[in-house]
Amino acid sequence: MPAKTKLDFREILLKQNYISEEDIQAAESASKKKKVSFLEYLFAEGLINKDLLGQAISEHYNISYADLNTQIPSISQVLLIPETLAKKYHIVLFKTTKDKVTVATDQPDNKSIIPELQKIFPGKKIILAYSLSEDIEQTFNFYHQTLDTRFSKIIQKENQVAPEIIEEILADALSFNCSDIHFEPQKEGVLIRFRIDGLLQEAGLIDSRYYENITNRFKVLSQLRIDEHRTTQDGAFRLNMPTGEVDVRLSIAPTFYGEKIVLRLLAKHVDIASLDSLGLSEEHQQIINETIKKPFGMILTAGPTGSGKTTTLYALLKKINSVERNITSIEDPVEYLLAGANQIQVNQEKGITFAKGLRSIVRQDPDIILVGEIRDRETAEISVNAALTGHLLFSTFHANNASAVIPRLTDMGVEPFLLASTLDLIIAQRLVRKVCDNCRSTYTPTAGQLTRLPAEIAEQFKKIKILYRGKGCPACNNTGYKGRTAIFELLKITPEIQELITGKAPAQAIWALAKKQGSHSLFADGLEKVKLGVTTIDELGRVAPVDA
């Protein structure tokens, strides 16, 4: 099979007028300074997105673009092409009619594809369309065999069992956009669970006989002690997978049946979301856009671990990033690369903590400061003082809702009058799973579901005869959900709320006033997304507390 053609994205995007010569120069400059790729810079700056890239490449080949995200092929459609052929030529059946077949591929210049397809679809005209490699890879989940089936095949070969099992597990995890992999020793074997879209799902079971070799391999990769079994160990390593390099953080803890391992999978680079793509309502976007225009003050995102707080902050930074502004951050870890920003990684061994790093940043002539997290009194006080002395400061904070942030900061030792004069906006958020587009179906909510809602809200849903949920399919691993979006609760610090903060009012009193001034709770924002068919009543109830 001929090698896949290496595309010159600069030339393609410039020729098709998607970018300018100035954009190319800026991208090349950022590539040298920040060690980001040409495309990473364009994505971060919002100059293009993946769909525009796909369209530009399809124009380069003079064929149509097959967007596999919005027009997801059905399982029966995909399986019309044998798995070996699909993976060999990176092809997926996109559309079929009585007399022609449209197939998406990322290598349309491969002359072998059409003759091979004509054997499967005799008498039909074969049309090639372009699709991005990663989107084609996602459709291969339809061919999926269970991990247990593949484990059996590996063991039967009696080769190096541990490396092959690890490779299969990681390949599965990446294909399902898994964030964490759990290896849990139990009486009957070692259970493998994946965290996908925030929830753990069983993925397979490993025979305990092979687990010690798997554990030792992880320890060697992470440069940990293989003779230590009674204490916790933490490490990290990098793997080269067919889809690219994967950074892995590892944690080992002794349990009754053996050492439990948790792997956190970290993408080498994550695209920064735009403000429009986060799931914010028009009203919320307007409040945020007004607040980030201020020259100084403090904006906080609140929620538990893994609720998308940092993603939201970087979307805000992306919106206001410019050559005229010095943006500096202190983070643990640096999750996003923002072209033009100065990003500092916390390093406890070298003495770089949030508080010490923040003190240094203030002396670096910043306009905008991002503190990865306010964890202690010292960091909180320096953050407030930085906002007070002419800097716009962004940070995250662990709290259940927006109003709870204020008393928690004062409990840390921040003076209420200083907090009242510096805090501008608190954004509380949670992540909810989205209904899978591939198996979306309509239904009428049951009386049982409605009884879990406040009476006045239940009445609203009685009038809405049609809602949406996923039936479950291979594309969503039979969960009915694929991907996540955020629900939000905004607390804008008005003069009246400033008075409550100065008077040390409780969180309940602050939120009561905020509601009178137009704020909506997390649950209320989520209900709007349920009505729009983005998520479900059950998913919202799992994530956000019910309120009237």
# chains A, B, ... in the order shown; residues from 1 in each chain; ligands from 1
$ select_by_dssp --residues "segment 330-466 of chain A" --states "strand (DSSP E or B)" --output "number ranges by chain"
A: 330-331, 342-345, 347, 352, 368-371, 392-397, 423-435, 440-443
$ write_last_selection --atoms "C-alpha atoms" --output "PDB file, in the first residue's frame"
ATOM      1  CA  ILE A 330       0.894  29.483  37.541  1.00  0.00           C
ATOM      2  CA  GLU A 331      -0.689  26.003  37.190  1.00  0.00           C
ATOM      3  CA  ASN A 342       3.708  32.812  29.866  1.00  0.00           C
ATOM      4  CA  GLN A 343       2.773  29.592  31.657  1.00  0.00           C
ATOM      5  CA  ILE A 344       4.569  28.424  34.792  1.00  0.00           C
ATOM      6  CA  GLN A 345       4.338  24.842  36.075  1.00  0.00           C
ATOM      7  CA  ASN A 347       7.172  22.301  41.026  1.00  0.00           C
ATOM      8  CA  ILE A 352       7.654  26.704  43.001  1.00  0.00           C
ATOM      9  CA  ILE A 368      -3.787  39.249  33.349  1.00  0.00           C
ATOM     10  CA  ILE A 369      -2.942  36.502  35.849  1.00  0.00           C
ATOM     11  CA  LEU A 370      -4.251  32.938  35.944  1.00  0.00           C
ATOM     12  CA  VAL A 371      -3.831  31.036  39.210  1.00  0.00           C
ATOM     13  CA  LEU A 392      -7.319  41.028  36.114  1.00  0.00           C
ATOM     14  CA  LEU A 393      -7.031  37.719  37.943  1.00  0.00           C
ATOM     15  CA  PHE A 394      -8.632  34.374  37.045  1.00  0.00           C
ATOM     16  CA  SER A 395      -8.639  31.313  39.266  1.00  0.00           C
ATOM     17  CA  THR A 396     -10.527  28.147  40.210  1.00  0.00           C
ATOM     18  CA  PHE A 397     -11.989  27.308  43.596  1.00  0.00           C
ATOM     19  CA  LEU A 423     -14.455  40.048  43.256  1.00  0.00           C
ATOM     20  CA  ASP A 424     -16.415  40.646  40.032  1.00  0.00           C
ATOM     21  CA  LEU A 425     -17.899  37.312  38.997  1.00  0.00           C
ATOM     22  CA  ILE A 426     -18.212  33.728  40.207  1.00  0.00           C
ATOM     23  CA  ILE A 427     -19.004  30.996  37.666  1.00  0.00           C
ATOM     24  CA  ALA A 428     -20.115  27.701  39.219  1.00  0.00           C
ATOM     25  CA  GLN A 429     -20.385  24.732  36.878  1.00  0.00           C
ATOM     26  CA  ARG A 430     -20.846  20.991  36.422  1.00  0.00           C
ATOM     27  CA  LEU A 431     -20.439  18.682  33.430  1.00  0.00           C
ATOM     28  CA  VAL A 432     -23.410  16.683  32.148  1.00  0.00           C
ATOM     29  CA  ARG A 433     -23.330  13.945  29.538  1.00  0.00           C
ATOM     30  CA  LYS A 434     -24.904  14.755  26.184  1.00  0.00           C
ATOM     31  CA  VAL A 435     -27.462  12.555  24.456  1.00  0.00           C
ATOM     32  CA  ARG A 440     -31.067   9.775  19.817  1.00  0.00           C
ATOM     33  CA  SER A 441     -34.785   8.988  20.167  1.00  0.00           C
ATOM     34  CA  THR A 442     -37.876  10.761  21.456  1.00  0.00           C
ATOM     35  CA  TYR A 443     -39.924   9.819  24.538  1.00  0.00           C
TER      36      TYR A 443
END
$ residues_around --residues "Phe94 of chain A" --least-positions-apart "6" --cutoff "9 Å" --atoms "only C-alpha atoms" --output "ChimeraX atom specification"
/A:66,68,71-73,77-78,101-104,129
$ closest_residue --among "A:Ser131, A:Thr451, A:Thr502, A:Thr231" --to "Thr70 of chain A" --atoms "only C-alpha atoms"
A:Ser131
$ select_by_dssp --residues "segment 146-330 of chain A" --states "alpha helix (DSSP H)" --output "PDB file with N, CA and C atoms, in the first residue's frame"
ATOM      1  N   LEU A 147     -12.574  -6.497  25.386  1.00  0.00           N
ATOM      2  CA  LEU A 147     -11.212  -6.687  25.888  1.00  0.00           C
ATOM      3  C   LEU A 147     -10.994  -8.140  26.311  1.00  0.00           C
ATOM      4  N   ASP A 148     -11.994  -8.743  26.955  1.00  0.00           N
ATOM      5  CA  ASP A 148     -11.841 -10.134  27.415  1.00  0.00           C
ATOM      6  C   ASP A 148     -11.537 -11.071  26.250  1.00  0.00           C
ATOM      7  N   THR A 149     -12.210 -10.840  25.106  1.00  0.00           N
ATOM      8  CA  THR A 149     -11.961 -11.661  23.909  1.00  0.00           C
ATOM      9  C   THR A 149     -10.525 -11.507  23.446  1.00  0.00           C
ATOM     10  N   ARG A 150     -10.056 -10.267  23.427  1.00  0.00           N
ATOM     11  CA  ARG A 150      -8.680 -10.027  22.960  1.00  0.00           C
ATOM     12  C   ARG A 150      -7.650 -10.519  23.969  1.00  0.00           C
ATOM     13  N   PHE A 151      -7.970 -10.442  25.279  1.00  0.00           N
ATOM     14  CA  PHE A 151      -7.060 -10.979  26.302  1.00  0.00           C
ATOM     15  C   PHE A 151      -6.860 -12.475  26.072  1.00  0.00           C
ATOM     16  N   SER A 152      -7.946 -13.185  25.787  1.00  0.00           N
ATOM     17  CA  SER A 152      -7.870 -14.637  25.562  1.00  0.00           C
ATOM     18  C   SER A 152      -6.955 -14.954  24.385  1.00  0.00           C
ATOM     19  N   LYS A 153      -7.066 -14.179  23.307  1.00  0.00           N
ATOM     20  CA  LYS A 153      -6.229 -14.401  22.124  1.00  0.00           C
ATOM     21  C   LYS A 153      -4.755 -14.153  22.445  1.00  0.00           C
ATOM     22  N   ILE A 154      -4.479 -13.116  23.229  1.00  0.00           N
ATOM     23  CA  ILE A 154      -3.090 -12.792  23.602  1.00  0.00           C
ATOM     24  C   ILE A 154      -2.495 -13.924  24.442  1.00  0.00           C
ATOM     25  N   ILE A 155      -3.284 -14.406  25.417  1.00  0.00           N
ATOM     26  CA  ILE A 155      -2.802 -15.466  26.315  1.00  0.00           C
ATOM     27  C   ILE A 155      -2.554 -16.763  25.540  1.00  0.00           C
ATOM     28  N   GLN A 156      -3.419 -17.057  24.565  1.00  0.00           N
ATOM     29  CA  GLN A 156      -3.257 -18.274  23.759  1.00  0.00           C
ATOM     30  C   GLN A 156      -1.962 -18.261  22.953  1.00  0.00           C
ATOM     31  N   LYS A 157      -1.520 -17.067  22.541  1.00  0.00           N
ATOM     32  CA  LYS A 157      -0.284 -16.967  21.756  1.00  0.00           C
ATOM     33  C   LYS A 157       0.946 -17.232  22.605  1.00  0.00           C
ATOM     34  N   VAL A 161       2.831 -11.442  27.378  1.00  0.00           N
ATOM     35  CA  VAL A 161       1.429 -11.161  27.690  1.00  0.00           C
ATOM     36  C   VAL A 161       1.227  -9.742  28.205  1.00  0.00           C
ATOM     37  N   ALA A 162       2.036  -9.313  29.190  1.00  0.00           N
ATOM     38  CA  ALA A 162       1.823  -8.014  29.844  1.00  0.00           C
ATOM     39  C   ALA A 162       1.855  -6.835  28.863  1.00  0.00           C
ATOM     40  N   PRO A 163       2.904  -6.701  28.018  1.00  0.00           N
ATOM     41  CA  PRO A 163       2.926  -5.557  27.106  1.00  0.00           C
ATOM     42  C   PRO A 163       1.747  -5.529  26.148  1.00  0.00           C
ATOM     43  N   GLU A 164       1.331  -6.714  25.648  1.00  0.00           N
ATOM     44  CA  GLU A 164       0.239  -6.756  24.682  1.00  0.00           C
ATOM     45  C   GLU A 164      -1.098  -6.416  25.340  1.00  0.00           C
ATOM     46  N   ILE A 165      -1.303  -6.894  26.562  1.00  0.00           N
ATOM     47  CA  ILE A 165      -2.539  -6.571  27.279  1.00  0.00           C
ATOM     48  C   ILE A 165      -2.608  -5.077  27.566  1.00  0.00           C
ATOM     49  N   ILE A 166      -1.487  -4.501  28.009  1.00  0.00           N
ATOM     50  CA  ILE A 166      -1.443  -3.062  28.288  1.00  0.00           C
ATOM     51  C   ILE A 166      -1.756  -2.262  27.027  1.00  0.00           C
ATOM     52  N   GLU A 167      -1.176  -2.677  25.907  1.00  0.00           N
ATOM     53  CA  GLU A 167      -1.396  -1.972  24.645  1.00  0.00           C
ATOM     54  C   GLU A 167      -2.873  -2.023  24.235  1.00  0.00           C
ATOM     55  N   GLU A 168      -3.507  -3.173  24.404  1.00  0.00           N
ATOM     56  CA  GLU A 168      -4.924  -3.304  24.056  1.00  0.00           C
ATOM     57  C   GLU A 168      -5.787  -2.413  24.951  1.00  0.00           C
ATOM     58  N   ILE A 169      -5.484  -2.397  26.238  1.00  0.00           N
ATOM     59  CA  ILE A 169      -6.271  -1.584  27.185  1.00  0.00           C
ATOM     60  C   ILE A 169      -6.136  -0.104  26.850  1.00  0.00           C
ATOM     61  N   LEU A 170      -4.913   0.347  26.602  1.00  0.00           N
ATOM     62  CA  LEU A 170      -4.694   1.764  26.288  1.00  0.00           C
ATOM     63  C   LEU A 170      -5.340   2.145  24.952  1.00  0.00           C
ATOM     64  N   ALA A 171      -5.271   1.251  23.973  1.00  0.00           N
ATOM     65  CA  ALA A 171      -5.888   1.535  22.670  1.00  0.00           C
ATOM     66  C   ALA A 171      -7.396   1.702  22.830  1.00  0.00           C
ATOM     67  N   ASP A 172      -8.012   0.822  23.634  1.00  0.00           N
ATOM     68  CA  ASP A 172      -9.449   0.935  23.893  1.00  0.00           C
ATOM     69  C   ASP A 172      -9.777   2.243  24.605  1.00  0.00           C
ATOM     70  N   ALA A 173      -9.000   2.543  25.629  1.00  0.00           N
ATOM     71  CA  ALA A 173      -9.250   3.743  26.425  1.00  0.00           C
ATOM     72  C   ALA A 173      -9.187   4.998  25.558  1.00  0.00           C
ATOM     73  N   LEU A 174      -8.214   5.064  24.678  1.00  0.00           N
ATOM     74  CA  LEU A 174      -8.064   6.233  23.812  1.00  0.00           C
ATOM     75  C   LEU A 174      -9.203   6.318  22.805  1.00  0.00           C
ATOM     76  N   SER A 175      -9.634   5.167  22.292  1.00  0.00           N
ATOM     77  CA  SER A 175     -10.710   5.188  21.288  1.00  0.00           C
ATOM     78  C   SER A 175     -12.032   5.659  21.891  1.00  0.00           C
ATOM     79  N   TYR A 211      -1.214 -10.334  36.472  1.00  0.00           N
ATOM     80  CA  TYR A 211      -1.262  -8.949  36.959  1.00  0.00           C
ATOM     81  C   TYR A 211       0.076  -8.463  37.525  1.00  0.00           C
ATOM     82  N   GLU A 212       0.835  -9.358  38.150  1.00  0.00           N
ATOM     83  CA  GLU A 212       2.113  -8.929  38.723  1.00  0.00           C
ATOM     84  C   GLU A 212       3.049  -8.409  37.632  1.00  0.00           C
ATOM     85  N   ASN A 213       3.082  -9.100  36.481  1.00  0.00           N
ATOM     86  CA  ASN A 213       3.933  -8.644  35.375  1.00  0.00           C
ATOM     87  C   ASN A 213       3.451  -7.299  34.821  1.00  0.00           C
ATOM     88  N   ILE A 214       2.133  -7.126  34.770  1.00  0.00           N
ATOM     89  CA  ILE A 214       1.573  -5.851  34.298  1.00  0.00           C
ATOM     90  C   ILE A 214       1.949  -4.731  35.257  1.00  0.00           C
ATOM     91  N   THR A 215       1.812  -4.999  36.564  1.00  0.00           N
ATOM     92  CA  THR A 215       2.161  -3.998  37.583  1.00  0.00           C
ATOM     93  C   THR A 215       3.638  -3.635  37.492  1.00  0.00           C
ATOM     94  N   ASN A 216       4.494  -4.654  37.368  1.00  0.00           N
ATOM     95  CA  ASN A 216       5.938  -4.396  37.284  1.00  0.00           C
ATOM     96  C   ASN A 216       6.288  -3.577  36.039  1.00  0.00           C
ATOM     97  N   ARG A 217       5.603  -3.857  34.947  1.00  0.00           N
ATOM     98  CA  ARG A 217       5.877  -3.096  33.724  1.00  0.00           C
ATOM     99  C   ARG A 217       5.547  -1.617  33.918  1.00  0.00           C
ATOM    100  N   PHE A 218       4.412  -1.344  34.553  1.00  0.00           N
ATOM    101  CA  PHE A 218       4.046   0.049  34.828  1.00  0.00           C
ATOM    102  C   PHE A 218       5.071   0.706  35.751  1.00  0.00           C
ATOM    103  N   LYS A 219       5.555  -0.047  36.745  1.00  0.00           N
ATOM    104  CA  LYS A 219       6.542   0.509  37.681  1.00  0.00           C
ATOM    105  C   LYS A 219       7.856   0.824  36.971  1.00  0.00           C
ATOM    106  N   VAL A 220       8.269  -0.059  36.089  1.00  0.00           N
ATOM    107  CA  VAL A 220       9.508   0.181  35.330  1.00  0.00           C
ATOM    108  C   VAL A 220       9.358   1.410  34.437  1.00  0.00           C
ATOM    109  N   LEU A 221       8.223   1.493  33.737  1.00  0.00           N
ATOM    110  CA  LEU A 221       7.975   2.647  32.864  1.00  0.00           C
ATOM    111  C   LEU A 221       7.988   3.963  33.648  1.00  0.00           C
ATOM    112  N   GLU A 282     -27.029  32.707  26.039  1.00  0.00           N
ATOM    113  CA  GLU A 282     -26.734  34.067  25.552  1.00  0.00           C
ATOM    114  C   GLU A 282     -26.643  35.052  26.702  1.00  0.00           C
ATOM    115  N   GLU A 283     -27.528  34.895  27.674  1.00  0.00           N
ATOM    116  CA  GLU A 283     -27.519  35.782  28.849  1.00  0.00           C
ATOM    117  C   GLU A 283     -26.213  35.655  29.614  1.00  0.00           C
ATOM    118  N   HIS A 284     -25.762  34.418  29.841  1.00  0.00           N
ATOM    119  CA  HIS A 284     -24.502  34.187  30.561  1.00  0.00           C
ATOM    120  C   HIS A 284     -23.308  34.718  29.770  1.00  0.00           C
ATOM    121  N   GLN A 285     -23.322  34.504  28.452  1.00  0.00           N
ATOM    122  CA  GLN A 285     -22.224  35.007  27.624  1.00  0.00           C
ATOM    123  C   GLN A 285     -22.130  36.526  27.702  1.00  0.00           C
ATOM    124  N   GLN A 286     -23.270  37.190  27.714  1.00  0.00           N
ATOM    125  CA  GLN A 286     -23.275  38.642  27.784  1.00  0.00           C
ATOM    126  C   GLN A 286     -22.666  39.131  29.092  1.00  0.00           C
ATOM    127  N   ILE A 287     -23.034  38.487  30.214  1.00  0.00           N
ATOM    128  CA  ILE A 287     -22.481  38.866  31.521  1.00  0.00           C
ATOM    129  C   ILE A 287     -20.967  38.670  31.538  1.00  0.00           C
ATOM    130  N   ILE A 288     -20.509  37.516  31.015  1.00  0.00           N
ATOM    131  CA  ILE A 288     -19.078  37.223  31.006  1.00  0.00           C
ATOM    132  C   ILE A 288     -18.321  38.196  30.111  1.00  0.00           C
ATOM    133  N   ASN A 289     -18.854  38.458  28.926  1.00  0.00           N
ATOM    134  CA  ASN A 289     -18.178  39.377  28.000  1.00  0.00           C
ATOM    135  C   ASN A 289     -18.032  40.774  28.588  1.00  0.00           C
ATOM    136  N   GLU A 290     -19.020  41.226  29.342  1.00  0.00           N
ATOM    137  CA  GLU A 290     -18.941  42.541  29.992  1.00  0.00           C
ATOM    138  C   GLU A 290     -17.881  42.533  31.096  1.00  0.00           C
ATOM    139  N   THR A 291     -17.807  41.436  31.838  1.00  0.00           N
ATOM    140  CA  THR A 291     -16.897  41.360  32.992  1.00  0.00           C
ATOM    141  C   THR A 291     -15.441  41.272  32.555  1.00  0.00           C
ATOM    142  N   LYS A 309     -13.621  23.564  35.129  1.00  0.00           N
ATOM    143  CA  LYS A 309     -13.317  24.944  35.565  1.00  0.00           C
ATOM    144  C   LYS A 309     -12.180  25.563  34.758  1.00  0.00           C
ATOM    145  N   THR A 310     -11.082  24.816  34.597  1.00  0.00           N
ATOM    146  CA  THR A 310      -9.923  25.342  33.874  1.00  0.00           C
ATOM    147  C   THR A 310     -10.252  25.552  32.404  1.00  0.00           C
ATOM    148  N   THR A 311     -11.052  24.649  31.824  1.00  0.00           N
ATOM    149  CA  THR A 311     -11.465  24.794  30.426  1.00  0.00           C
ATOM    150  C   THR A 311     -12.188  26.122  30.220  1.00  0.00           C
ATOM    151  N   THR A 312     -13.076  26.457  31.153  1.00  0.00           N
ATOM    152  CA  THR A 312     -13.811  27.718  31.059  1.00  0.00           C
ATOM    153  C   THR A 312     -12.871  28.913  31.168  1.00  0.00           C
ATOM    154  N   LEU A 313     -11.942  28.860  32.106  1.00  0.00           N
ATOM    155  CA  LEU A 313     -11.005  29.984  32.273  1.00  0.00           C
ATOM    156  C   LEU A 313     -10.178  30.208  31.011  1.00  0.00           C
ATOM    157  N   TYR A 314      -9.736  29.123  30.380  1.00  0.00           N
ATOM    158  CA  TYR A 314      -8.927  29.287  29.165  1.00  0.00           C
ATOM    159  C   TYR A 314      -9.762  29.790  27.998  1.00  0.00           C
ATOM    160  N   ALA A 315     -11.040  29.450  27.980  1.00  0.00           N
ATOM    161  CA  ALA A 315     -11.914  30.022  26.949  1.00  0.00           C
ATOM    162  C   ALA A 315     -12.029  31.544  27.133  1.00  0.00           C
ATOM    163  N   LEU A 316     -12.061  31.985  28.393  1.00  0.00           N
ATOM    164  CA  LEU A 316     -12.101  33.429  28.676  1.00  0.00           C
ATOM    165  C   LEU A 316     -10.792  34.097  28.270  1.00  0.00           C
ATOM    166  N   LEU A 317      -9.673  33.446  28.613  1.00  0.00           N
ATOM    167  CA  LEU A 317      -8.365  34.004  28.247  1.00  0.00           C
ATOM    168  C   LEU A 317      -8.204  34.097  26.738  1.00  0.00           C
ATOM    169  N   LYS A 318      -8.660  33.063  26.047  1.00  0.00           N
ATOM    170  CA  LYS A 318      -8.572  33.047  24.582  1.00  0.00           C
ATOM    171  C   LYS A 318      -9.335  34.234  23.990  1.00  0.00           C
ATOM    172  N   LYS A 319     -10.453  34.585  24.620  1.00  0.00           N
ATOM    173  CA  LYS A 319     -11.298  35.678  24.135  1.00  0.00           C
ATOM    174  C   LYS A 319     -10.590  37.021  24.247  1.00  0.00           C
ATOM    175  N   ILE A 320      -9.789  37.202  25.305  1.00  0.00           N
ATOM    176  CA  ILE A 320      -9.176  38.530  25.547  1.00  0.00           C
ATOM    177  C   ILE A 320      -7.674  38.558  25.280  1.00  0.00           C
TER     178      ILE A 320
END
$ residues_around --residues "segment 232-249 of chain A" --least-positions-apart "5" --cutoff "7 Å" --atoms "only C-alpha atoms" --output "PyMOL selection string"
chain A and resi 221-222+224+254+263-268
$ residues_around --residues "His90 of chain A" --least-positions-apart "3" --cutoff "8 Å" --atoms "only C-alpha atoms" --output "list in words"
Leu85, Ala86, Lys87, Thr105, Asp106, Gln107, Ser133, Ile136 and Glu137 of chain A
$ residues_around --residues "Phe9 of chain A" --least-positions-apart "3" --cutoff "10 Å" --atoms "only C-alpha atoms" --output "JSON, numbers by chain"
{"A": [6, 12, 13, 14, 15, 38, 39, 53, 56, 57]}
$ write_last_selection --atoms "N, CA, C and O atoms" --output "mmCIF file, in the first residue's frame"
data_model
loop_
_atom_site.group_PDB
_atom_site.id
_atom_site.type_symbol
_atom_site.label_atom_id
_atom_site.label_comp_id
_atom_site.auth_asym_id
_atom_site.auth_seq_id
_atom_site.Cartn_x
_atom_site.Cartn_y
_atom_site.Cartn_z
ATOM 1 N N LYS A 6 2.032 13.212 2.788
ATOM 2 C CA LYS A 6 2.198 14.209 3.853
ATOM 3 C C LYS A 6 1.710 15.553 3.331
ATOM 4 O O LYS A 6 2.221 16.077 2.346
ATOM 5 N N ILE A 12 -2.054 24.551 1.814
ATOM 6 C CA ILE A 12 -3.465 24.261 1.561
ATOM 7 C C ILE A 12 -4.360 25.365 2.119
ATOM 8 O O ILE A 12 -5.236 25.885 1.426
ATOM 9 N N LEU A 13 -4.137 25.745 3.373
ATOM 10 C CA LEU A 13 -4.989 26.745 4.020
ATOM 11 C C LEU A 13 -4.822 28.125 3.390
ATOM 12 O O LEU A 13 -5.791 28.887 3.274
ATOM 13 N N LEU A 14 -3.596 28.434 2.976
ATOM 14 C CA LEU A 14 -3.337 29.731 2.337
ATOM 15 C C LEU A 14 -3.987 29.780 0.950
ATOM 16 O O LEU A 14 -4.650 30.765 0.601
ATOM 17 N N LYS A 15 -3.819 28.722 0.196
ATOM 18 C CA LYS A 15 -4.358 28.676 -1.171
ATOM 19 C C LYS A 15 -5.882 28.772 -1.165
ATOM 20 O O LYS A 15 -6.489 29.390 -2.046
ATOM 21 N N PHE A 38 2.158 24.258 14.124
ATOM 22 C CA PHE A 38 1.471 25.227 13.282
ATOM 23 C C PHE A 38 -0.047 25.138 13.484
ATOM 24 O O PHE A 38 -0.725 26.140 13.715
ATOM 25 N N LEU A 39 -0.591 23.914 13.420
ATOM 26 C CA LEU A 39 -2.031 23.740 13.577
ATOM 27 C C LEU A 39 -2.492 24.045 15.001
ATOM 28 O O LEU A 39 -3.574 24.610 15.206
ATOM 29 N N LEU A 53 -10.610 22.811 8.744
ATOM 30 C CA LEU A 53 -9.419 22.127 8.235
ATOM 31 C C LEU A 53 -9.830 21.002 7.288
ATOM 32 O O LEU A 53 -9.261 20.848 6.191
ATOM 33 N N ALA A 56 -10.979 22.425 4.002
ATOM 34 C CA ALA A 56 -9.859 22.932 3.202
ATOM 35 C C ALA A 56 -9.120 21.785 2.517
ATOM 36 O O ALA A 56 -8.754 21.878 1.330
ATOM 37 N N ILE A 57 -8.901 20.693 3.240
ATOM 38 C CA ILE A 57 -8.192 19.545 2.656
ATOM 39 C C ILE A 57 -9.036 18.897 1.554
ATOM 40 O O ILE A 57 -8.513 18.498 0.508
#
$ atom_distance --atom1 "atom CA of Arg230 of chain A" --atom2 "atom CA of Phe256 of chain A"
10.5 Å
$ residues_around --residues "Thr494 of chain A" --least-positions-apart "4" --cutoff "12 Å" --atoms "only C-alpha atoms" --output "list in words"
Ile287, Thr291, Ala420, Ser421, Thr422, Leu423, Asp424, Leu425, Ile426, Gln498, Glu499, Leu500, Ile501, Ile510, Leu513, Ala514, Lys516, Gln517, Gly518 and Ser519 of chain A
$ write_last_selection --atoms "C-alpha atoms" --output "PDB file, in the first residue's frame"
ATOM      1  CA  ILE A 287     -22.481  38.866  31.521  1.00  0.00           C
ATOM      2  CA  THR A 291     -16.897  41.360  32.992  1.00  0.00           C
ATOM      3  CA  ALA A 420     -16.147  42.837  48.119  1.00  0.00           C
ATOM      4  CA  SER A 421     -14.031  45.403  46.264  1.00  0.00           C
ATOM      5  CA  THR A 422     -12.077  42.918  44.090  1.00  0.00           C
ATOM      6  CA  LEU A 423     -14.455  40.048  43.256  1.00  0.00           C
ATOM      7  CA  ASP A 424     -16.415  40.646  40.032  1.00  0.00           C
ATOM      8  CA  LEU A 425     -17.899  37.312  38.997  1.00  0.00           C
ATOM      9  CA  ILE A 426     -18.212  33.728  40.207  1.00  0.00           C
ATOM     10  CA  GLN A 498     -20.948  43.812  47.932  1.00  0.00           C
ATOM     11  CA  GLU A 499     -22.805  45.121  50.991  1.00  0.00           C
ATOM     12  CA  LEU A 500     -23.793  41.586  51.993  1.00  0.00           C
ATOM     13  CA  ILE A 501     -20.178  40.397  51.605  1.00  0.00           C
ATOM     14  CA  ILE A 510     -26.269  36.154  49.067  1.00  0.00           C
ATOM     15  CA  LEU A 513     -30.502  38.338  46.537  1.00  0.00           C
ATOM     16  CA  ALA A 514     -28.674  37.098  43.412  1.00  0.00           C
ATOM     17  CA  LYS A 516     -33.908  38.352  42.742  1.00  0.00           C
ATOM     18  CA  GLN A 517     -31.373  40.118  40.510  1.00  0.00           C
ATOM     19  CA  GLY A 518     -31.733  37.487  37.780  1.00  0.00           C
ATOM     20  CA  SER A 519     -29.253  34.685  38.576  1.00  0.00           C
TER      21      SER A 519
END
